[in-house]
Each structure stands twice: as structure tokens, then as C-alpha cells.
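Student: My structure is stored as input.cif, with mmCIF, N, CA and C atoms.
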```cif
data_run
loop_
_atom_site.group_PDB
_atom_site.id
_atom_site.type_symbol
_atom_site.label_atom_id
_atom_site.label_comp_id
_atom_site.auth_asym_id
_atom_site.auth_seq_id
_atom_site.Cartn_x
_atom_site.Cartn_y
_atom_site.Cartn_z
ATOM 1 N N MET A 1 8.993 3.015 26.193
ATOM 2 C CA MET A 1 7.876 3.928 26.066
ATOM 3 C C MET A 1 8.302 5.229 25.382
ATOM 4 N N SER A 2 9.524 5.664 25.657
ATOM 5 C CA SER A 2 9.974 6.908 25.019
ATOM 6 C C SER A 2 10.138 6.721 23.516
ATOM 7 N N ALA A 3 10.436 5.487 23.083
ATOM 8 C CA ALA A 3 10.573 5.234 21.650
ATOM 9 C C ALA A 3 9.242 5.440 20.938
ATOM 10 N N ILE A 4 8.145 5.078 21.582
ATOM 11 C CA ILE A 4 6.820 5.261 20.987
ATOM 12 C C ILE A 4 6.525 6.743 20.798
ATOM 13 N N PHE A 5 6.830 7.538 21.828
ATOM 14 C CA PHE A 5 6.572 8.965 21.727
ATOM 15 C C PHE A 5 7.520 9.630 20.719
ATOM 16 N N THR A 6 8.732 9.136 20.631
ATOM 17 C CA THR A 6 9.667 9.646 19.623
ATOM 18 C C THR A 6 9.139 9.356 18.226
ATOM 19 N N ALA A 7 8.679 8.122 18.003
ATOM 20 C CA ALA A 7 8.130 7.750 16.700
ATOM 21 C C ALA A 7 6.899 8.585 16.368
ATOM 22 N N LEU A 8 6.029 8.783 17.344
ATOM 23 C CA LEU A 8 4.831 9.592 17.129
ATOM 24 C C LEU A 8 5.208 11.033 16.789
ATOM 25 N N GLY A 9 6.184 11.566 17.477
ATOM 26 C CA GLY A 9 6.659 12.916 17.168
ATOM 27 C C GLY A 9 7.211 13.017 15.762
ATOM 28 N N LEU A 10 7.952 11.995 15.324
ATOM 29 C CA LEU A 10 8.486 12.002 13.970
ATOM 30 C C LEU A 10 7.376 11.926 12.928
ATOM 31 N N VAL A 11 6.317 11.196 13.226
ATOM 32 C CA VAL A 11 5.169 11.152 12.308
ATOM 33 C C VAL A 11 4.581 12.549 12.152
ATOM 34 N N PHE A 12 4.418 13.261 13.263
ATOM 35 C CA PHE A 12 3.876 14.627 13.191
ATOM 36 C C PHE A 12 4.807 15.548 12.407
ATOM 37 N N VAL A 13 6.109 15.395 12.585
ATOM 38 C CA VAL A 13 7.070 16.229 11.851
ATOM 39 C C VAL A 13 6.953 15.969 10.352
ATOM 40 N N ILE A 14 6.923 14.699 9.962
ATOM 41 C CA ILE A 14 6.868 14.360 8.537
ATOM 42 C C ILE A 14 5.550 14.821 7.917
ATOM 43 N N GLU A 15 4.438 14.592 8.609
ATOM 44 C CA GLU A 15 3.143 15.049 8.101
ATOM 45 C C GLU A 15 3.111 16.570 8.007
ATOM 46 N N GLY A 16 3.649 17.231 9.001
ATOM 47 C CA GLY A 16 3.679 18.696 8.983
ATOM 48 C C GLY A 16 4.522 19.237 7.847
ATOM 49 N N LEU A 17 5.647 18.578 7.581
ATOM 50 C CA LEU A 17 6.488 19.011 6.458
ATOM 51 C C LEU A 17 5.764 18.843 5.131
ATOM 52 N N ALA A 18 5.043 17.751 4.991
ATOM 53 C CA ALA A 18 4.300 17.535 3.748
ATOM 54 C C ALA A 18 3.273 18.646 3.543
ATOM 55 N N LEU A 19 2.587 19.019 4.599
ATOM 56 C CA LEU A 19 1.585 20.086 4.486
ATOM 57 C C LEU A 19 2.229 21.457 4.282
ATOM 58 N N ALA A 20 3.352 21.699 4.929
ATOM 59 C CA ALA A 20 3.991 23.015 4.849
ATOM 60 C C ALA A 20 4.713 23.231 3.519
ATOM 61 N N LEU A 21 5.352 22.193 2.997
ATOM 62 C CA LEU A 21 6.184 22.364 1.801
ATOM 63 C C LEU A 21 5.430 22.163 0.494
ATOM 64 N N ALA A 22 4.378 21.351 0.511
ATOM 65 C CA ALA A 22 3.666 21.077 -0.743
ATOM 66 C C ALA A 22 2.167 20.909 -0.492
ATOM 67 N N PRO A 23 1.491 21.973 -0.066
ATOM 68 C CA PRO A 23 0.068 21.824 0.265
ATOM 69 C C PRO A 23 -0.802 21.436 -0.930
ATOM 70 N N SER A 24 -0.494 21.946 -2.116
ATOM 71 C CA SER A 24 -1.324 21.597 -3.273
ATOM 72 C C SER A 24 -1.098 20.143 -3.677
ATOM 73 N N ARG A 25 0.126 19.677 -3.581
ATOM 74 C CA ARG A 25 0.416 18.271 -3.892
ATOM 75 C C ARG A 25 -0.274 17.353 -2.886
ATOM 76 N N PHE A 26 -0.328 17.789 -1.646
ATOM 77 C CA PHE A 26 -0.999 17.021 -0.601
ATOM 78 C C PHE A 26 -2.479 16.858 -0.930
ATOM 79 N N GLU A 27 -3.085 17.921 -1.458
ATOM 80 C CA GLU A 27 -4.492 17.844 -1.870
ATOM 81 C C GLU A 27 -4.667 16.837 -3.004
ATOM 82 N N GLU A 28 -3.715 16.808 -3.933
ATOM 83 C CA GLU A 28 -3.779 15.846 -5.038
ATOM 84 C C GLU A 28 -3.679 14.409 -4.524
ATOM 85 N N VAL A 29 -2.807 14.190 -3.566
ATOM 86 C CA VAL A 29 -2.656 12.854 -2.990
ATOM 87 C C VAL A 29 -3.944 12.436 -2.284
ATOM 88 N N LEU A 30 -4.544 13.363 -1.541
ATOM 89 C CA LEU A 30 -5.805 13.049 -0.866
ATOM 90 C C LEU A 30 -6.907 12.737 -1.874
ATOM 91 N N ALA A 31 -6.965 13.497 -2.964
ATOM 92 C CA ALA A 31 -7.962 13.234 -4.000
ATOM 93 C C ALA A 31 -7.736 11.856 -4.626
ATOM 94 N N PHE A 32 -6.468 11.498 -4.827
ATOM 95 C CA PHE A 32 -6.154 10.174 -5.366
ATOM 96 C C PHE A 32 -6.617 9.079 -4.409
ATOM 97 N N LEU A 33 -6.364 9.275 -3.121
ATOM 98 C CA LEU A 33 -6.779 8.274 -2.137
ATOM 99 C C LEU A 33 -8.292 8.129 -2.078
ATOM 100 N N VAL A 34 -9.002 9.237 -2.239
ATOM 101 C CA VAL A 34 -10.462 9.185 -2.244
ATOM 102 C C VAL A 34 -10.951 8.406 -3.464
ATOM 103 N N SER A 35 -10.238 8.536 -4.583
ATOM 104 C CA SER A 35 -10.666 7.849 -5.802
ATOM 105 C C SER A 35 -10.450 6.336 -5.728
ATOM 106 N N LEU A 36 -9.572 5.891 -4.844
ATOM 107 C CA LEU A 36 -9.344 4.455 -4.688
ATOM 108 C C LEU A 36 -10.503 3.816 -3.934
ATOM 109 N N GLY A 37 -10.721 2.565 -4.195
ATOM 110 C CA GLY A 37 -11.737 1.833 -3.450
ATOM 111 C C GLY A 37 -11.216 1.462 -2.072
ATOM 112 N N PRO A 38 -12.114 1.048 -1.175
ATOM 113 C CA PRO A 38 -11.704 0.695 0.183
ATOM 114 C C PRO A 38 -10.666 -0.431 0.226
ATOM 115 N N GLU A 39 -10.816 -1.409 -0.656
ATOM 116 C CA GLU A 39 -9.877 -2.534 -0.646
ATOM 117 C C GLU A 39 -8.478 -2.081 -1.066
ATOM 118 N N ALA A 40 -8.389 -1.194 -2.041
ATOM 119 C CA ALA A 40 -7.086 -0.678 -2.480
ATOM 120 C C ALA A 40 -6.451 0.171 -1.377
ATOM 121 N N ARG A 41 -7.257 0.978 -0.686
ATOM 122 C CA ARG A 41 -6.727 1.770 0.433
ATOM 123 C C ARG A 41 -6.236 0.863 1.551
ATOM 124 N N ARG A 42 -6.980 -0.214 1.807
ATOM 125 C CA ARG A 42 -6.574 -1.162 2.843
ATOM 126 C C ARG A 42 -5.234 -1.805 2.465
ATOM 127 N N ARG A 43 -5.106 -2.213 1.206
ATOM 128 C CA ARG A 43 -3.857 -2.814 0.730
ATOM 129 C C ARG A 43 -2.697 -1.826 0.847
ATOM 130 N N LEU A 44 -2.939 -0.581 0.468
ATOM 131 C CA LEU A 44 -1.908 0.445 0.565
ATOM 132 C C LEU A 44 -1.501 0.660 2.024
ATOM 133 N N GLY A 45 -2.473 0.656 2.915
ATOM 134 C CA GLY A 45 -2.170 0.793 4.341
ATOM 135 C C GLY A 45 -1.351 -0.368 4.864
ATOM 136 N N LEU A 46 -1.705 -1.578 4.462
ATOM 137 C CA LEU A 46 -0.953 -2.753 4.905
ATOM 138 C C LEU A 46 0.470 -2.754 4.356
ATOM 139 N N ILE A 47 0.625 -2.305 3.123
ATOM 140 C CA ILE A 47 1.970 -2.190 2.550
ATOM 141 C C ILE A 47 2.781 -1.153 3.323
ATOM 142 N N SER A 48 2.153 -0.051 3.704
ATOM 143 C CA SER A 48 2.841 0.975 4.488
ATOM 144 C C SER A 48 3.257 0.438 5.848
ATOM 145 N N VAL A 49 2.366 -0.305 6.489
ATOM 146 C CA VAL A 49 2.687 -0.897 7.790
ATOM 147 C C VAL A 49 3.863 -1.863 7.649
ATOM 148 N N ALA A 50 3.808 -2.719 6.637
ATOM 149 C CA ALA A 50 4.890 -3.684 6.419
ATOM 150 C C ALA A 50 6.216 -2.968 6.146
ATOM 151 N N GLY A 51 6.166 -1.909 5.359
ATOM 152 C CA GLY A 51 7.378 -1.140 5.093
ATOM 153 C C GLY A 51 7.933 -0.495 6.352
ATOM 154 N N GLY A 52 7.054 0.047 7.166
ATOM 155 C CA GLY A 52 7.488 0.653 8.423
ATOM 156 C C GLY A 52 8.095 -0.356 9.374
ATOM 157 N N VAL A 53 7.478 -1.526 9.469
ATOM 158 C CA VAL A 53 8.028 -2.589 10.324
ATOM 159 C C VAL A 53 9.396 -3.026 9.803
ATOM 160 N N ALA A 54 9.535 -3.141 8.496
ATOM 161 C CA ALA A 54 10.814 -3.543 7.914
ATOM 162 C C ALA A 54 11.905 -2.500 8.209
ATOM 163 N N ILE A 55 11.569 -1.235 8.106
ATOM 164 C CA ILE A 55 12.539 -0.175 8.387
ATOM 165 C C ILE A 55 12.958 -0.219 9.849
ATOM 166 N N VAL A 56 11.981 -0.350 10.749
ATOM 167 C CA VAL A 56 12.303 -0.420 12.188
ATOM 168 C C VAL A 56 13.173 -1.632 12.477
ATOM 169 N N ALA A 57 12.825 -2.781 11.897
ATOM 170 C CA ALA A 57 13.629 -3.989 12.122
ATOM 171 C C ALA A 57 15.044 -3.810 11.589
ATOM 172 N N LEU A 58 15.172 -3.205 10.420
ATOM 173 C CA LEU A 58 16.487 -2.978 9.838
ATOM 174 C C LEU A 58 17.314 -2.041 10.717
ATOM 175 N N VAL A 59 16.710 -0.992 11.199
ATOM 176 C CA VAL A 59 17.419 -0.047 12.059
ATOM 177 C C VAL A 59 17.860 -0.726 13.348
ATOM 178 N N ARG A 60 17.014 -1.566 13.920
ATOM 179 C CA ARG A 60 17.356 -2.251 15.165
ATOM 180 C C ARG A 60 18.503 -3.236 14.956
ATOM 181 N N VAL A 61 18.579 -3.861 13.775
ATOM 182 C CA VAL A 61 19.647 -4.815 13.494
ATOM 183 C C VAL A 61 20.970 -4.081 13.261
ATOM 184 N N VAL A 62 20.907 -2.970 12.533
ATOM 185 C CA VAL A 62 22.121 -2.234 12.184
ATOM 186 C C VAL A 62 22.684 -1.491 13.384
ATOM 187 N N ILE A 63 21.840 -0.927 14.192
ATOM 188 C CA ILE A 63 22.323 -0.109 15.325
ATOM 189 C C ILE A 63 22.526 -0.928 16.526
#
```
Is it possible to give me this structure as C-alpha cells?

Tutor:
Amino acid sequence: MSAIFTALGLVFVIEGLALALAPSRFEEVLAFLVSLGPEARRRLGLISVAGGVAIVALVRVVI
């Protein structure tokens, strides 16, 4: 259970850094995402999920 909260905390840290260090770039990324259709956003989300699962699996195997 602590791993879930650790992961959630890291998500907040990374999102916060993106907003703090490059707010104008963040707006551009959001505008790009709005310009995509729902199916493309869904595909991008699934690719992100798959990448995250792969990273977690790799870390668990290595450590």
C-alpha cells in the first residue's frame, strides 16, 4: 500500500515540476492534446500506461 502512495506522490512531484519549470510549454502541450481527437488521446493514454507498466516491471526485475 505504501508503494501506491509513493507512486502517487511521485506523479504529483513530476506534474508540479512541469508546471513550475515550463508553464508556457505546458500550455502548448495542453493545446496539442486538445487538438487531437478522442481516439488519438485514448491511444496516447494506453501507450503511456504500457510504458509505465514496463518501467515498473523492469525496476522490479532489476532491484

Student: Please report the interatomic distance between atom CA of A:Phe5 and atom CA of A:Gly52 in Å with one decimal.

Tutor: 15.7 Å

Student: Rounded to one decimal place, report the atom N of A:Leu44-atom N of A:Leu30 distance in Å.

Tutor: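 Atom-to-atom, atom N of A:Leu44 to atom N of A:Leu30, that is 14.2 Å.
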
Student: Atom CA of A:Leu10 and atom CA of A:Arg41, how far apart in Å?

Tutor: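 Pair atom CA of A:Arg41 / atom CA of A:Leu10 returns 22.8 Å.
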
Student: Could the centre and edge lengths of an axis-aligned box, enclosing all atoms of stretch 21-25 of chain A in the file with 6 Å extra on each side, be given in Å to one decimal as lines of an AutoDock Vina configuration file?

Tutor:
```
center_x = 2.4
center_y = 19.9
center_z = -0.4
size_x = 19.5
size_y = 17.0
size_z = 18.9
```
